[in-house]
>>> print(open('coords.tsv').read())   # TSV, C-alpha atoms and all ligand atoms
chain	number	residue	atom	x	y	z
W	1	MET	CA	0.00	0.00	0.00
W	2	SER	CA	2.96	2.30	-0.10
W	3	HIS	CA	4.76	4.01	-2.95
W	4	SER	CA	8.40	4.43	-3.74
W	5	ASN	CA	8.16	7.88	-2.22
W	6	GLY	CA	7.36	6.13	1.03
W	7	PHE	CA	3.89	7.14	2.08
W	8	SER	CA	0.61	5.30	2.12
W	9	VAL	CA	-2.54	6.70	0.54
W	10	PHE	CA	-4.32	6.04	3.79
W	11	GLU	CA	-2.06	8.29	5.75
W	12	TRP	CA	-4.58	10.99	4.91
W	13	LEU	CA	-6.58	9.55	7.77
W	14	LYS	CA	-3.94	10.63	10.25
W	15	PRO	CA	-4.42	14.04	11.77
W	16	ASN	CA	-1.84	16.67	10.79
W	17	ASN	CA	-0.63	14.60	7.87
W	18	GLN	CA	0.31	17.04	5.13
W	19	LYS	CA	1.36	14.51	2.49
W	20	MET	CA	-1.76	12.85	1.23
W	21	THR	CA	-4.95	14.56	0.20
W	22	LYS	CA	-5.81	13.00	-3.14
W	23	LYS	CA	-9.26	11.57	-3.62
W	24	ILE	CA	-10.52	9.23	-6.28
W	25	ARG	CA	-13.10	10.95	-8.51
W	26	ILE	CA	-16.09	8.82	-9.42
W	27	ALA	CA	-18.83	9.76	-11.87
W	28	ILE	CA	-22.31	8.43	-11.33
W	29	GLN	CA	-25.53	9.20	-13.16
W	30	LYS	CA	-27.12	12.41	-11.88
W	31	SER	CA	-30.65	11.17	-12.28
W	32	GLY	CA	-32.14	8.18	-14.00
W	33	ARG	CA	-32.09	4.45	-13.70
W	34	LEU	CA	-28.52	4.07	-12.41
W	35	ASN	CA	-28.48	6.81	-9.79
W	36	GLU	CA	-30.04	5.05	-6.82
W	37	GLU	CA	-28.27	1.71	-7.17
W	38	SER	CA	-24.93	3.44	-7.76
W	39	LEU	CA	-25.27	5.33	-4.47
W	40	GLN	CA	-26.51	2.15	-2.77
W	41	ILE	CA	-23.51	0.08	-3.80
W	42	LEU	CA	-21.16	2.80	-2.58
W	43	LYS	CA	-23.06	2.86	0.70
W	44	ASP	CA	-22.84	-0.93	0.97
W	45	CYS	CA	-19.09	-0.52	0.50
W	46	GLY	CA	-19.06	1.71	3.56
W	47	VAL	CA	-18.64	4.91	1.56
W	48	SER	CA	-21.12	7.48	2.82
W	49	ILE	CA	-21.82	10.50	0.68
W	50	ASP	CA	-23.53	13.67	1.82
W	51	ASN	CA	-25.98	13.64	-0.97
W	52	GLY	CA	-27.23	17.14	-1.56
W	53	ARG	CA	-29.75	16.41	-4.36
W	54	ASP	CA	-28.92	19.47	-6.38
W	55	GLN	CA	-25.18	19.25	-6.06
W	56	LEU	CA	-23.06	18.30	-9.01
W	57	LYS	CA	-20.22	17.19	-6.77
W	58	ALA	CA	-20.06	15.67	-3.29
W	59	SER	CA	-17.42	14.18	-1.02
W	60	ALA	CA	-17.42	10.99	1.00
W	61	ALA	CA	-17.12	11.57	4.70
W	62	ASN	CA	-15.14	8.42	5.46
W	63	PHE	CA	-13.24	7.49	2.29
W	64	PRO	CA	-10.95	9.45	-0.07
W	65	LEU	CA	-13.59	9.80	-2.76
W	66	GLU	CA	-15.46	12.55	-4.59
W	67	VAL	CA	-18.66	11.95	-6.53
W	68	PHE	CA	-19.50	13.83	-9.74
W	69	TYR	CA	-23.13	13.61	-10.80
W	70	LEU	CA	-23.24	13.49	-14.60
W	71	ARG	CA	-25.34	12.35	-17.53
W	72	ASN	CA	-24.71	8.69	-18.27
W	73	GLY	CA	-24.08	9.48	-21.94
W	74	ASP	CA	-21.44	12.12	-21.13
W	75	ILE	CA	-19.39	9.90	-18.83
W	76	PRO	CA	-17.14	8.20	-21.47
W	77	GLN	CA	-15.72	11.57	-22.50
W	78	TYR	CA	-15.04	12.57	-18.87
W	79	LEU	CA	-13.20	9.26	-18.35
W	80	ARG	CA	-11.22	9.70	-21.54
W	81	ASP	CA	-10.18	13.22	-20.55
W	82	GLY	CA	-9.20	12.05	-17.05
W	83	VAL	CA	-11.60	14.54	-15.46
W	84	VAL	CA	-12.92	11.59	-13.44
W	85	ASP	CA	-10.96	8.44	-12.58
W	86	ILE	CA	-13.77	5.91	-12.41
W	87	ALA	CA	-17.48	5.78	-13.18
W	88	ILE	CA	-20.59	3.69	-12.81
W	89	LEU	CA	-22.44	3.56	-16.12
W	90	GLY	CA	-24.28	1.23	-18.46
W	91	GLU	CA	-22.00	-1.08	-20.43
W	92	ASN	CA	-24.11	-0.21	-23.49
W	93	VAL	CA	-22.89	3.38	-23.28
W	94	LEU	CA	-19.28	2.16	-23.36
W	95	VAL	CA	-20.03	0.02	-26.41
W	96	GLU	CA	-21.56	3.07	-28.09
W	97	LYS	CA	-19.05	5.74	-27.07
W	98	GLY	CA	-16.18	4.22	-25.13
W	99	GLU	CA	-14.77	1.05	-26.70
W	100	ASP	CA	-11.33	2.23	-25.54
W	101	ILE	CA	-12.34	2.47	-21.85
W	102	SER	CA	-11.72	-0.49	-19.59
W	103	ILE	CA	-14.15	-2.15	-17.22
W	104	ALA	CA	-12.87	-2.98	-13.72
W	105	GLN	CA	-16.00	-4.69	-12.47
W	106	LYS	CA	-19.45	-5.68	-13.68
W	107	LEU	CA	-21.99	-4.63	-11.09
W	108	GLY	CA	-24.97	-6.92	-11.71
W	109	PHE	CA	-27.72	-4.28	-11.84
W	110	SER	CA	-29.56	-2.43	-14.63
W	111	LYS	CA	-29.44	-5.51	-16.81
W	112	CYS	CA	-30.83	-4.94	-20.27
W	113	ARG	CA	-30.10	-5.63	-23.91
W	114	VAL	CA	-29.73	-3.41	-26.95
W	115	SER	CA	-31.84	-4.81	-29.75
W	116	LEU	CA	-33.22	-4.20	-33.19
W	117	ALA	CA	-36.99	-4.34	-33.49
W	118	VAL	CA	-39.46	-4.11	-36.36
W	119	PRO	CA	-43.27	-3.69	-36.53
W	120	LYS	CA	-45.00	-6.92	-35.54
W	121	GLY	CA	-46.52	-7.52	-38.96
W	122	THR	CA	-43.16	-7.28	-40.79
W	123	LYS	CA	-41.84	-10.50	-42.31
W	124	TYR	CA	-38.32	-10.89	-40.93
W	125	GLU	CA	-35.75	-13.47	-41.95
W	126	SER	CA	-32.26	-12.18	-41.23
W	127	VAL	CA	-30.10	-9.11	-40.61
W	128	LYS	CA	-29.89	-8.70	-44.38
W	129	ASP	CA	-33.50	-7.49	-44.23
W	130	PHE	CA	-32.21	-4.22	-42.74
W	131	GLU	CA	-30.39	-3.34	-45.99
W	132	GLY	CA	-31.45	0.16	-47.05
W	133	LYS	CA	-33.99	0.42	-44.22
W	134	LYS	CA	-34.47	3.45	-41.99
W	135	ILE	CA	-33.61	2.67	-38.36
W	136	ALA	CA	-34.41	5.09	-35.52
W	137	THR	CA	-31.98	4.92	-32.60
W	138	SER	CA	-29.95	6.70	-29.93
W	139	TYR	CA	-27.13	4.17	-30.45
W	140	PRO	CA	-25.85	4.85	-34.00
W	141	ASN	CA	-22.33	3.42	-33.58
W	142	THR	CA	-23.64	0.22	-32.06
W	143	VAL	CA	-26.04	-0.27	-34.97
W	144	ILE	CA	-23.50	0.60	-37.67
W	145	ASN	CA	-20.86	-1.74	-36.19
W	146	TYR	CA	-23.34	-4.56	-35.77
W	147	LEU	CA	-24.75	-4.31	-39.31
W	148	GLU	CA	-21.25	-3.93	-40.77
W	149	GLN	CA	-20.38	-7.44	-39.58
W	150	TYR	CA	-23.06	-8.70	-41.97
W	151	GLY	CA	-22.17	-6.28	-44.76
W	152	VAL	CA	-25.48	-4.47	-44.28
W	153	LYS	CA	-25.93	-0.72	-44.75
W	154	ALA	CA	-28.96	1.03	-43.32
W	155	ASP	CA	-30.12	4.60	-43.09
W	156	LEU	CA	-29.97	5.83	-39.48
W	157	HIS	CA	-32.33	8.29	-37.93
W	158	ILE	CA	-30.78	9.50	-34.66
W	159	ILE	CA	-33.17	10.50	-31.89
W	160	ASN	CA	-32.63	10.80	-28.16
W	161	GLY	CA	-35.83	9.45	-26.66
W	162	SER	CA	-39.17	7.78	-27.37
W	163	VAL	CA	-37.44	5.79	-30.07
W	164	GLU	CA	-40.07	3.05	-30.08
W	165	ILE	CA	-42.73	5.37	-31.40
W	166	ALA	CA	-40.80	6.11	-34.63
W	167	PRO	CA	-42.22	3.32	-36.85
W	168	ASN	CA	-45.79	4.13	-35.79
W	169	ILE	CA	-45.50	7.74	-36.91
W	170	GLY	CA	-43.80	6.89	-40.17
W	171	LEU	CA	-40.35	8.10	-39.09
W	172	ALA	CA	-38.58	4.78	-39.56
W	173	ASP	CA	-38.97	1.15	-40.66
W	174	ALA	CA	-37.30	-0.23	-37.55
W	175	ILE	CA	-35.70	0.80	-34.27
W	176	CYS	CA	-32.71	-0.04	-32.13
W	177	ASP	CA	-33.10	0.59	-28.42
W	178	ILE	CA	-32.77	-0.80	-24.93
W	179	VAL	CA	-35.05	-3.70	-24.07
W	180	SER	CA	-35.58	-5.07	-20.61
W	181	SER	CA	-39.04	-6.51	-19.90
W	182	GLY	CA	-40.08	-5.96	-23.54
W	183	SER	CA	-43.18	-4.04	-22.49
W	184	THR	CA	-42.26	-0.83	-24.37
W	185	LEU	CA	-41.83	-2.85	-27.57
W	186	PHE	CA	-45.11	-4.64	-26.90
W	187	LYS	CA	-47.01	-1.40	-26.30
W	188	ASN	CA	-45.70	0.00	-29.57
W	189	ASN	CA	-46.57	-3.11	-31.57
W	190	LEU	CA	-42.92	-3.98	-32.26
W	191	LYS	CA	-41.03	-7.29	-32.12
W	192	GLU	CA	-37.41	-7.81	-31.12
W	193	VAL	CA	-35.55	-9.47	-33.98
W	194	GLU	CA	-31.82	-9.07	-33.16
W	195	VAL	CA	-30.15	-8.81	-29.75
W	196	MET	CA	-27.00	-6.83	-30.51
W	197	LEU	CA	-25.59	-6.80	-27.00
W	198	LYS	CA	-26.33	-7.52	-23.37
W	199	SER	CA	-25.56	-4.84	-20.84
W	200	GLU	CA	-25.42	-4.17	-17.12
W	201	ALA	CA	-24.02	-1.42	-14.92
W	202	VAL	CA	-20.22	-1.50	-14.76
W	203	LEU	CA	-17.40	0.23	-12.96
W	204	ALA	CA	-15.22	1.75	-15.69
W	205	VAL	CA	-11.72	3.18	-15.25
W	206	SER	CA	-9.96	6.07	-16.96
W	207	SER	CA	-6.64	5.18	-18.57
W	208	LYS	CA	-5.36	8.45	-17.05
W	209	ILE	CA	-5.80	7.35	-13.42
W	210	ASP	CA	-2.63	8.08	-11.42
W	211	LEU	CA	-0.84	5.69	-9.07
W	212	GLU	CA	-2.15	7.13	-5.84
W	213	ARG	CA	-5.72	6.98	-7.04
W	214	GLN	CA	-5.11	3.49	-8.43
W	215	GLU	CA	-4.31	2.44	-4.85
W	216	ILE	CA	-7.58	3.91	-3.66
W	217	LEU	CA	-9.33	2.09	-6.51
W	218	ASP	CA	-7.79	-1.23	-5.42
W	219	LYS	CA	-9.16	-0.71	-1.93
W	220	LEU	CA	-12.60	0.21	-3.32
W	221	LEU	CA	-12.61	-2.76	-5.70
W	222	PHE	CA	-11.90	-5.13	-2.83
W	223	ARG	CA	-15.04	-3.78	-1.14
W	224	PHE	CA	-17.14	-3.93	-4.34
W	225	LYS	CA	-16.20	-7.58	-4.82
W	226	ALA	CA	-17.10	-8.47	-1.22
W	227	VAL	CA	-20.47	-6.71	-1.53
W	228	LEU	CA	-21.27	-8.26	-4.93
W	229	LYS	CA	-20.30	-11.74	-3.75
W	230	GLY	CA	-22.54	-11.31	-0.71
W	231	ARG	CA	-25.43	-10.36	-3.01
W	232	ASP	CA	-25.08	-13.71	-4.82
W	233	TYR	CA	-25.48	-15.85	-1.71
W	234	LYS	CA	-27.75	-16.45	1.29
W	235	TYR	CA	-26.62	-17.51	4.72
W	236	VAL	CA	-28.42	-20.60	5.99
W	237	LEU	CA	-28.66	-22.08	9.45
W	238	LEU	CA	-30.54	-25.33	10.13
W	239	ASN	CA	-30.94	-28.24	12.48
W	240	ALA	CA	-30.19	-31.72	11.20
W	241	PRO	CA	-30.60	-35.18	12.68
W	242	ASN	CA	-27.11	-36.68	12.98
W	243	ASP	CA	-28.01	-39.75	10.96
W	244	ARG	CA	-28.87	-37.50	7.97
W	245	LEU	CA	-25.87	-35.18	8.32
W	246	ASP	CA	-23.84	-36.69	5.47
W	247	ASP	CA	-26.64	-36.16	2.94
W	248	ILE	CA	-27.35	-32.66	4.17
W	249	ILE	CA	-23.71	-31.60	4.10
W	250	LYS	CA	-23.41	-32.77	0.50
W	251	MET	CA	-26.16	-30.29	-0.42
W	252	LEU	CA	-24.27	-27.42	1.25
W	253	PRO	CA	-20.76	-27.06	-0.05
W	254	GLY	CA	-20.41	-23.68	1.70
W	255	MET	CA	-17.29	-21.53	1.27
W	256	LYS	CA	-14.97	-24.31	2.41
W	257	SER	CA	-17.36	-26.78	4.01
W	258	PRO	CA	-20.34	-26.19	6.31
W	259	THR	CA	-19.86	-25.51	10.02
W	260	VAL	CA	-21.42	-28.34	12.09
W	261	LEU	CA	-21.99	-27.92	15.82
W	262	PRO	CA	-23.75	-30.29	18.25
W	263	LEU	CA	-27.15	-29.16	19.56
W	264	ALA	CA	-28.03	-29.42	23.27
W	265	GLU	CA	-30.54	-32.09	22.26
W	266	GLU	CA	-28.76	-35.39	21.70
W	267	GLY	CA	-28.70	-36.75	18.14
W	268	TRP	CA	-29.01	-33.32	16.47
W	269	SER	CA	-26.58	-30.83	14.99
W	270	SER	CA	-26.72	-27.23	13.90
W	271	VAL	CA	-25.41	-26.67	10.36
W	272	HIS	CA	-24.31	-23.25	9.03
W	273	SER	CA	-23.49	-22.56	5.42
W	274	VAL	CA	-24.06	-20.37	2.34
W	275	ILE	CA	-26.29	-21.11	-0.66
W	276	ASP	CA	-26.02	-19.66	-4.15
W	277	LYS	CA	-29.14	-17.51	-4.71
W	278	GLN	CA	-29.78	-19.05	-8.13
W	279	ALA	CA	-30.23	-22.52	-6.69
W	280	PHE	CA	-31.73	-21.36	-3.42
W	281	TRP	CA	-35.31	-22.74	-3.39
W	282	GLU	CA	-34.30	-26.02	-4.93
W	283	VAL	CA	-31.63	-26.54	-2.24
W	284	ILE	CA	-34.10	-25.62	0.54
W	285	ASP	CA	-36.63	-28.18	-0.82
W	286	ASN	CA	-33.93	-30.85	-0.93
W	287	LEU	CA	-32.75	-29.99	2.60
W	288	LYS	CA	-36.31	-30.32	3.93
W	289	ASP	CA	-36.76	-33.66	2.18
W	290	ALA	CA	-33.47	-34.82	3.71
W	291	GLY	CA	-34.80	-34.11	7.24
W	292	ALA	CA	-33.49	-30.59	7.96
W	293	GLN	CA	-35.62	-28.57	10.39
W	294	GLY	CA	-35.73	-24.99	11.70
W	295	ILE	CA	-34.15	-23.60	8.56
W	296	LEU	CA	-33.20	-19.92	8.97
W	297	VAL	CA	-32.06	-17.87	6.00
W	298	SER	CA	-30.56	-14.40	5.91
W	299	ASP	CA	-28.92	-11.98	3.49
W	300	ILE	CA	-25.16	-11.67	3.47
W	301	GLU	CA	-23.84	-8.12	3.65
W	302	LYS	CA	-20.28	-8.86	2.61
W	303	MET	CA	-18.41	-11.99	1.65
W	304	VAL	CA	-14.60	-12.12	1.58
W	305	LEU	CA	-13.19	-15.35	0.22
H	1	LIG	N1	-35.50	-0.50	-19.11
H	1	LIG	C1	-34.30	-0.67	-18.63
H	1	LIG	N2	-34.01	-1.72	-17.82
H	1	LIG	C2	-32.79	-1.89	-17.30
H	1	LIG	N3	-31.75	-1.08	-17.54
H	1	LIG	C3	-31.97	-0.02	-18.32
H	1	LIG	C4	-33.25	0.24	-18.89
H	1	LIG	N4	-33.18	1.38	-19.60
H	1	LIG	C5	-31.91	1.81	-19.48
H	1	LIG	N5	-31.18	0.97	-18.73
H	1	LIG	C6	-29.76	1.09	-18.35
H	1	LIG	O1	-29.64	2.23	-17.53
H	1	LIG	C7	-28.81	3.22	-18.14
H	1	LIG	C8	-29.36	4.59	-17.85
H	1	LIG	O2	-30.63	4.73	-18.44
H	1	LIG	P1	-31.46	6.08	-18.28
H	1	LIG	O3	-32.65	5.94	-19.13
H	1	LIG	O4	-31.65	6.39	-16.85
H	1	LIG	O5	-30.49	7.19	-18.80
H	1	LIG	P2	-30.06	7.63	-20.23
H	1	LIG	O6	-31.17	8.38	-20.83
H	1	LIG	O7	-29.54	6.45	-20.99
H	1	LIG	O8	-28.80	8.51	-19.86
H	1	LIG	P3	-28.52	10.04	-19.44
H	1	LIG	O9	-28.06	10.00	-17.99
H	1	LIG	O10	-27.41	10.42	-20.37
H	1	LIG	O11	-29.79	10.82	-19.60
H	1	LIG	C9	-28.80	2.83	-19.64
H	1	LIG	O12	-27.63	3.28	-20.27
H	1	LIG	C10	-28.86	1.33	-19.57
H	1	LIG	O13	-27.59	0.81	-19.30
H	2	LIG	O1	-38.29	-3.38	-22.13
H	2	LIG	P1	-38.75	-2.35	-21.12
H	2	LIG	O2	-38.77	-2.91	-19.74
H	2	LIG	O3	-40.05	-1.72	-21.52
H	2	LIG	O4	-37.63	-1.19	-21.06
H	2	LIG	C1	-37.21	-0.56	-22.24
H	2	LIG	C2	-37.38	0.91	-22.17
H	2	LIG	O5	-36.68	1.45	-21.05
H	2	LIG	C3	-35.87	2.54	-21.48
H	2	LIG	O6	-36.57	3.72	-21.44
H	2	LIG	P2	-36.75	4.57	-20.09
H	2	LIG	O7	-37.88	4.03	-19.31
H	2	LIG	O8	-35.43	4.61	-19.40
H	2	LIG	O9	-37.16	5.98	-20.63
H	2	LIG	P3	-36.28	7.02	-21.49
H	2	LIG	O10	-36.50	6.64	-22.92
H	2	LIG	O11	-36.88	8.33	-21.13
H	2	LIG	O12	-34.85	6.90	-21.07
H	2	LIG	C4	-35.55	2.21	-22.94
H	2	LIG	O13	-35.19	3.36	-23.67
H	2	LIG	C5	-36.81	1.55	-23.42
H	2	LIG	O14	-37.69	2.49	-23.96
H	3	MG	MG	-33.76	5.51	-20.56
>>> encode(input="coords.tsv", output="structure tokens", more="lines below")
Ligand SMILES: Nc1ncnc2c1ncn2[C@@H]1O[C@H](COP(=O)(O)OP(=O)(O)OP(=O)(O)O)[C@@H](O)[C@H]1O
Ligand SMILES: O=P(O)(O)OC[C@H]1O[C@H](OP(=O)(O)OP(=O)(O)O)[C@H](O)[C@@H]1O
Ligand SMILES: [Mg+2]
Amino acid sequence: MSHSNGFSVFEWLKPNNQKMTKKIRIAIQKSGRLNEESLQILKDCGVSIDNGRDQLKASAANFPLEVFYLRNGDIPQYLRDGVVDIAILGENVLVEKGEDISIAQKLGFSKCRVSLAVPKGTKYESVKDFEGKKIATSYPNTVINYLEQYGVKADLHIINGSVEIAPNIGLADAICDIVSSGSTLFKNNLKEVEVMLKSEAVLAVSSKIDLERQEILDKLLFRFKAVLKGRDYKYVLLNAPNDRLDDIIKMLPGMKSPTVLPLAEEGWSSVHSVIDKQAFWEVIDNLKDAGAQGILVSDIEKMVL
């Protein structure tokens, strides 16, 4: 944690320390779909921000970090210029405007896809059908690059919002936009015909980040990973009859192996472990069938392997 010049970035915590005052600068979306979860994940990492709603910039009280509230679509340029060191933004925005910017961590929220869609009644066979067609979108580079792979050239109509309405008002033959539940497409009588990419919120890093801030980033990334890992698992505590313990333990691999402790009542043990959220209900059903009782389940705040 210390540099060749001999001081640690965390010496800033010490009173009267004159050496270290640098803070990592993170951009998050000012308002919109990513704002709340971005602040939440920072909070879960123990970084508390005085969040004056109208501020464009805020500082963390207990971590060397400054937050810049920006438009999602503007963030790639700020990263490229080194005005901010890191950012939470949609991966789709990086594909559109920041292919050169690296991703330090996928964050698992705001999952969506960027797709091409056509009016429901349109006969659609392949990407070639887009040749010469007018496509309305806010993601021109993504569309051009995707179609280019198939040697297809289309006519793009760039708009910033309400893209899905374009075919209905005669503005375009097709659209490219974000799809999540599919309800916006459905409401506008469109069908998804090509998924160009899958996206989620990511932590992106400026190539201009300096060494001191890179150290702060390493510390922050360690916390992000612990929080994200915890979000993938549940903690489970149950009672098991000793004669069924072997079967039950096999269902609970845990981090290393489950903790097994004798209960006050003879012939029973208490078993503690973690379960992957994806398989959760299936594992609980199997545990019950195997004779487990008094099953308690709780969220995991952080998980350090
Ligand atoms: N319906 C959705 N479901 C899940 N994630 C979505 C959805 N729509 C957008 N996203 C993700 O959230 C990000 C932010 O979307 P939002 O609509 O809040 O802002 P924006 O209009 O793209 O950006 P800006 O901040 O520049 O106005 C998108 O880039 C995408 O990654
Ligand atoms: O498949 P769905 O679940 O319907 O989500 C897709 C819609 O969500 C986004 O719009 P948003 O609600 O962010 O509005 P915006 O166009 O004003 O950004 C996106 O632009 C789509 O229109
Ligand atoms: Mg949107």
>>> residues_around(input="coords.tsv", residues="W:Lys128", least_positions_apart="5", cutoff="12 Å", atoms="only C-alpha atoms", output="PyMOL selection string")
chain W and resi 133+146-154+193-194
>>> write_last_selection(input="coords.tsv", atoms="C-alpha atoms", output="PDB file, in the coordinates of the input")
ATOM      1  CA  LYS W 133     -33.990   0.420 -44.220  1.00  0.00           C
ATOM      2  CA  TYR W 146     -23.340  -4.560 -35.770  1.00  0.00           C
ATOM      3  CA  LEU W 147     -24.750  -4.310 -39.310  1.00  0.00           C
ATOM      4  CA  GLU W 148     -21.250  -3.930 -40.770  1.00  0.00           C
ATOM      5  CA  GLN W 149     -20.380  -7.440 -39.580  1.00  0.00           C
ATOM      6  CA  TYR W 150     -23.060  -8.700 -41.970  1.00  0.00           C
ATOM      7  CA  GLY W 151     -22.170  -6.280 -44.760  1.00  0.00           C
ATOM      8  CA  VAL W 152     -25.480  -4.470 -44.280  1.00  0.00           C
ATOM      9  CA  LYS W 153     -25.930  -0.720 -44.750  1.00  0.00           C
ATOM     10  CA  ALA W 154     -28.960   1.030 -43.320  1.00  0.00           C
ATOM     11  CA  VAL W 193     -35.550  -9.470 -33.980  1.00  0.00           C
ATOM     12  CA  GLU W 194     -31.820  -9.070 -33.160  1.00  0.00           C
TER      13      GLU W 194
END
>>> residues_near_point(input="coords.tsv", point="(-43.4, 2.7, -38.8)", cutoff="12 Å", atoms="only C-alpha atoms", output="VMD selection string")
chain W and resid 117 to 122 133 to 136 163 to 175 188 to 190
>>> closest_residue(input="coords.tsv", among="W:Lys123, W:Lys97, W:Arg231, W:Arg223", to="W:Gln77", atoms="all atoms listed in the file")
W:Lys97
>>> residues_around(input="coords.tsv", residues="W:Gly98", least_positions_apart="3", cutoff="8 Å", atoms="all atoms listed in the file", output="list in words")
Pro76, Gln77, Val93, Leu94, Val95 and Ile101 of chain W
>>> residues_near_ligand(input="coords.tsv", ligand="ligand MG 3 (chain H)", cutoff="10 Å", atoms="only C-alpha atoms and all ligand atoms", output="ChimeraX atom specification")
/W:32-34,72,160-162,177-179
>>> atom_distance(input="coords.tsv", atom1="atom CA of W:Gln293", atom2="atom CA of W:Asn239")
5.1 Å
>>> atom_distance(input="coords.tsv", atom1="atom O9 of ligand LIG 1 (chain H)", atom2="atom CA of W:Ile88")
11.1 Å
>>> atom_distance(input="coords.tsv", atom1="atom CA of W:Ile49", atom2="atom O13 of ligand LIG 2 (chain H)")
28.7 Å
>>> residues_around(input="coords.tsv", residues="W:Ala61", least_positions_apart="2", cutoff="8 Å", atoms="only C-alpha atoms", output="PyMOL selection string")
chain W and resi 47-50+59+63
>>> residues_around(input="coords.tsv", residues="W:Gln105", least_positions_apart="3", cutoff="10 Å", atoms="only C-alpha atoms", output="PyMOL selection string")
chain W and resi 88+102+108+201-205+221+224-225+228
>>> axis_aligned_box(input="coords.tsv", around="ligand LIG 1 (chain H)", padding_each_side="6 Å", output="JSON")
{"center_x": -31.5, "center_y": 4.5, "center_z": -18.9, "size_x": 20.1, "size_y": 24.7, "size_z": 16.1}
>>> closest_residue(input="coords.tsv", among="W:Ala60, W:Lys23, W:Asp81, W:Lys43", to="W:Ser206", atoms="only C-alpha atoms")
W:Asp81
>>> closest_residue(input="coords.tsv", among="W:Asp232, W:Asp155, W:Glu91, W:Glu192", to="ligand LIG 2 (chain H)", atoms="all atoms listed in the file")
W:Glu192
>>> residues_around(input="coords.tsv", residues="W:Glu66", least_positions_apart="5", cutoff="12 Å", atoms="all atoms listed in the file", output="short mmCIF file (atom, residue, chain, number, x, y, z; two decimals) with C-alpha atoms, in the coordinates of the input")
data_model
loop_
_atom_site.label_atom_id
_atom_site.label_comp_id
_atom_site.auth_asym_id
_atom_site.auth_seq_id
_atom_site.Cartn_x
_atom_site.Cartn_y
_atom_site.Cartn_z
CA THR W 21 -4.95 14.56 0.20
CA LYS W 22 -5.81 13.00 -3.14
CA LYS W 23 -9.26 11.57 -3.62
CA ILE W 24 -10.52 9.23 -6.28
CA ARG W 25 -13.10 10.95 -8.51
CA ILE W 26 -16.09 8.82 -9.42
CA ALA W 27 -18.83 9.76 -11.87
CA ILE W 28 -22.31 8.43 -11.33
CA LEU W 42 -21.16 2.80 -2.58
CA VAL W 47 -18.64 4.91 1.56
CA SER W 48 -21.12 7.48 2.82
CA ILE W 49 -21.82 10.50 0.68
CA ASP W 50 -23.53 13.67 1.82
CA ASN W 51 -25.98 13.64 -0.97
CA GLN W 55 -25.18 19.25 -6.06
CA LEU W 56 -23.06 18.30 -9.01
CA LYS W 57 -20.22 17.19 -6.77
CA ALA W 58 -20.06 15.67 -3.29
CA SER W 59 -17.42 14.18 -1.02
CA ALA W 60 -17.42 10.99 1.00
CA ALA W 61 -17.12 11.57 4.70
CA VAL W 83 -11.60 14.54 -15.46
CA VAL W 84 -12.92 11.59 -13.44
CA ASP W 85 -10.96 8.44 -12.58
CA ILE W 86 -13.77 5.91 -12.41
CA ALA W 87 -17.48 5.78 -13.18
CA ARG W 213 -5.72 6.98 -7.04
CA ILE W 216 -7.58 3.91 -3.66
#
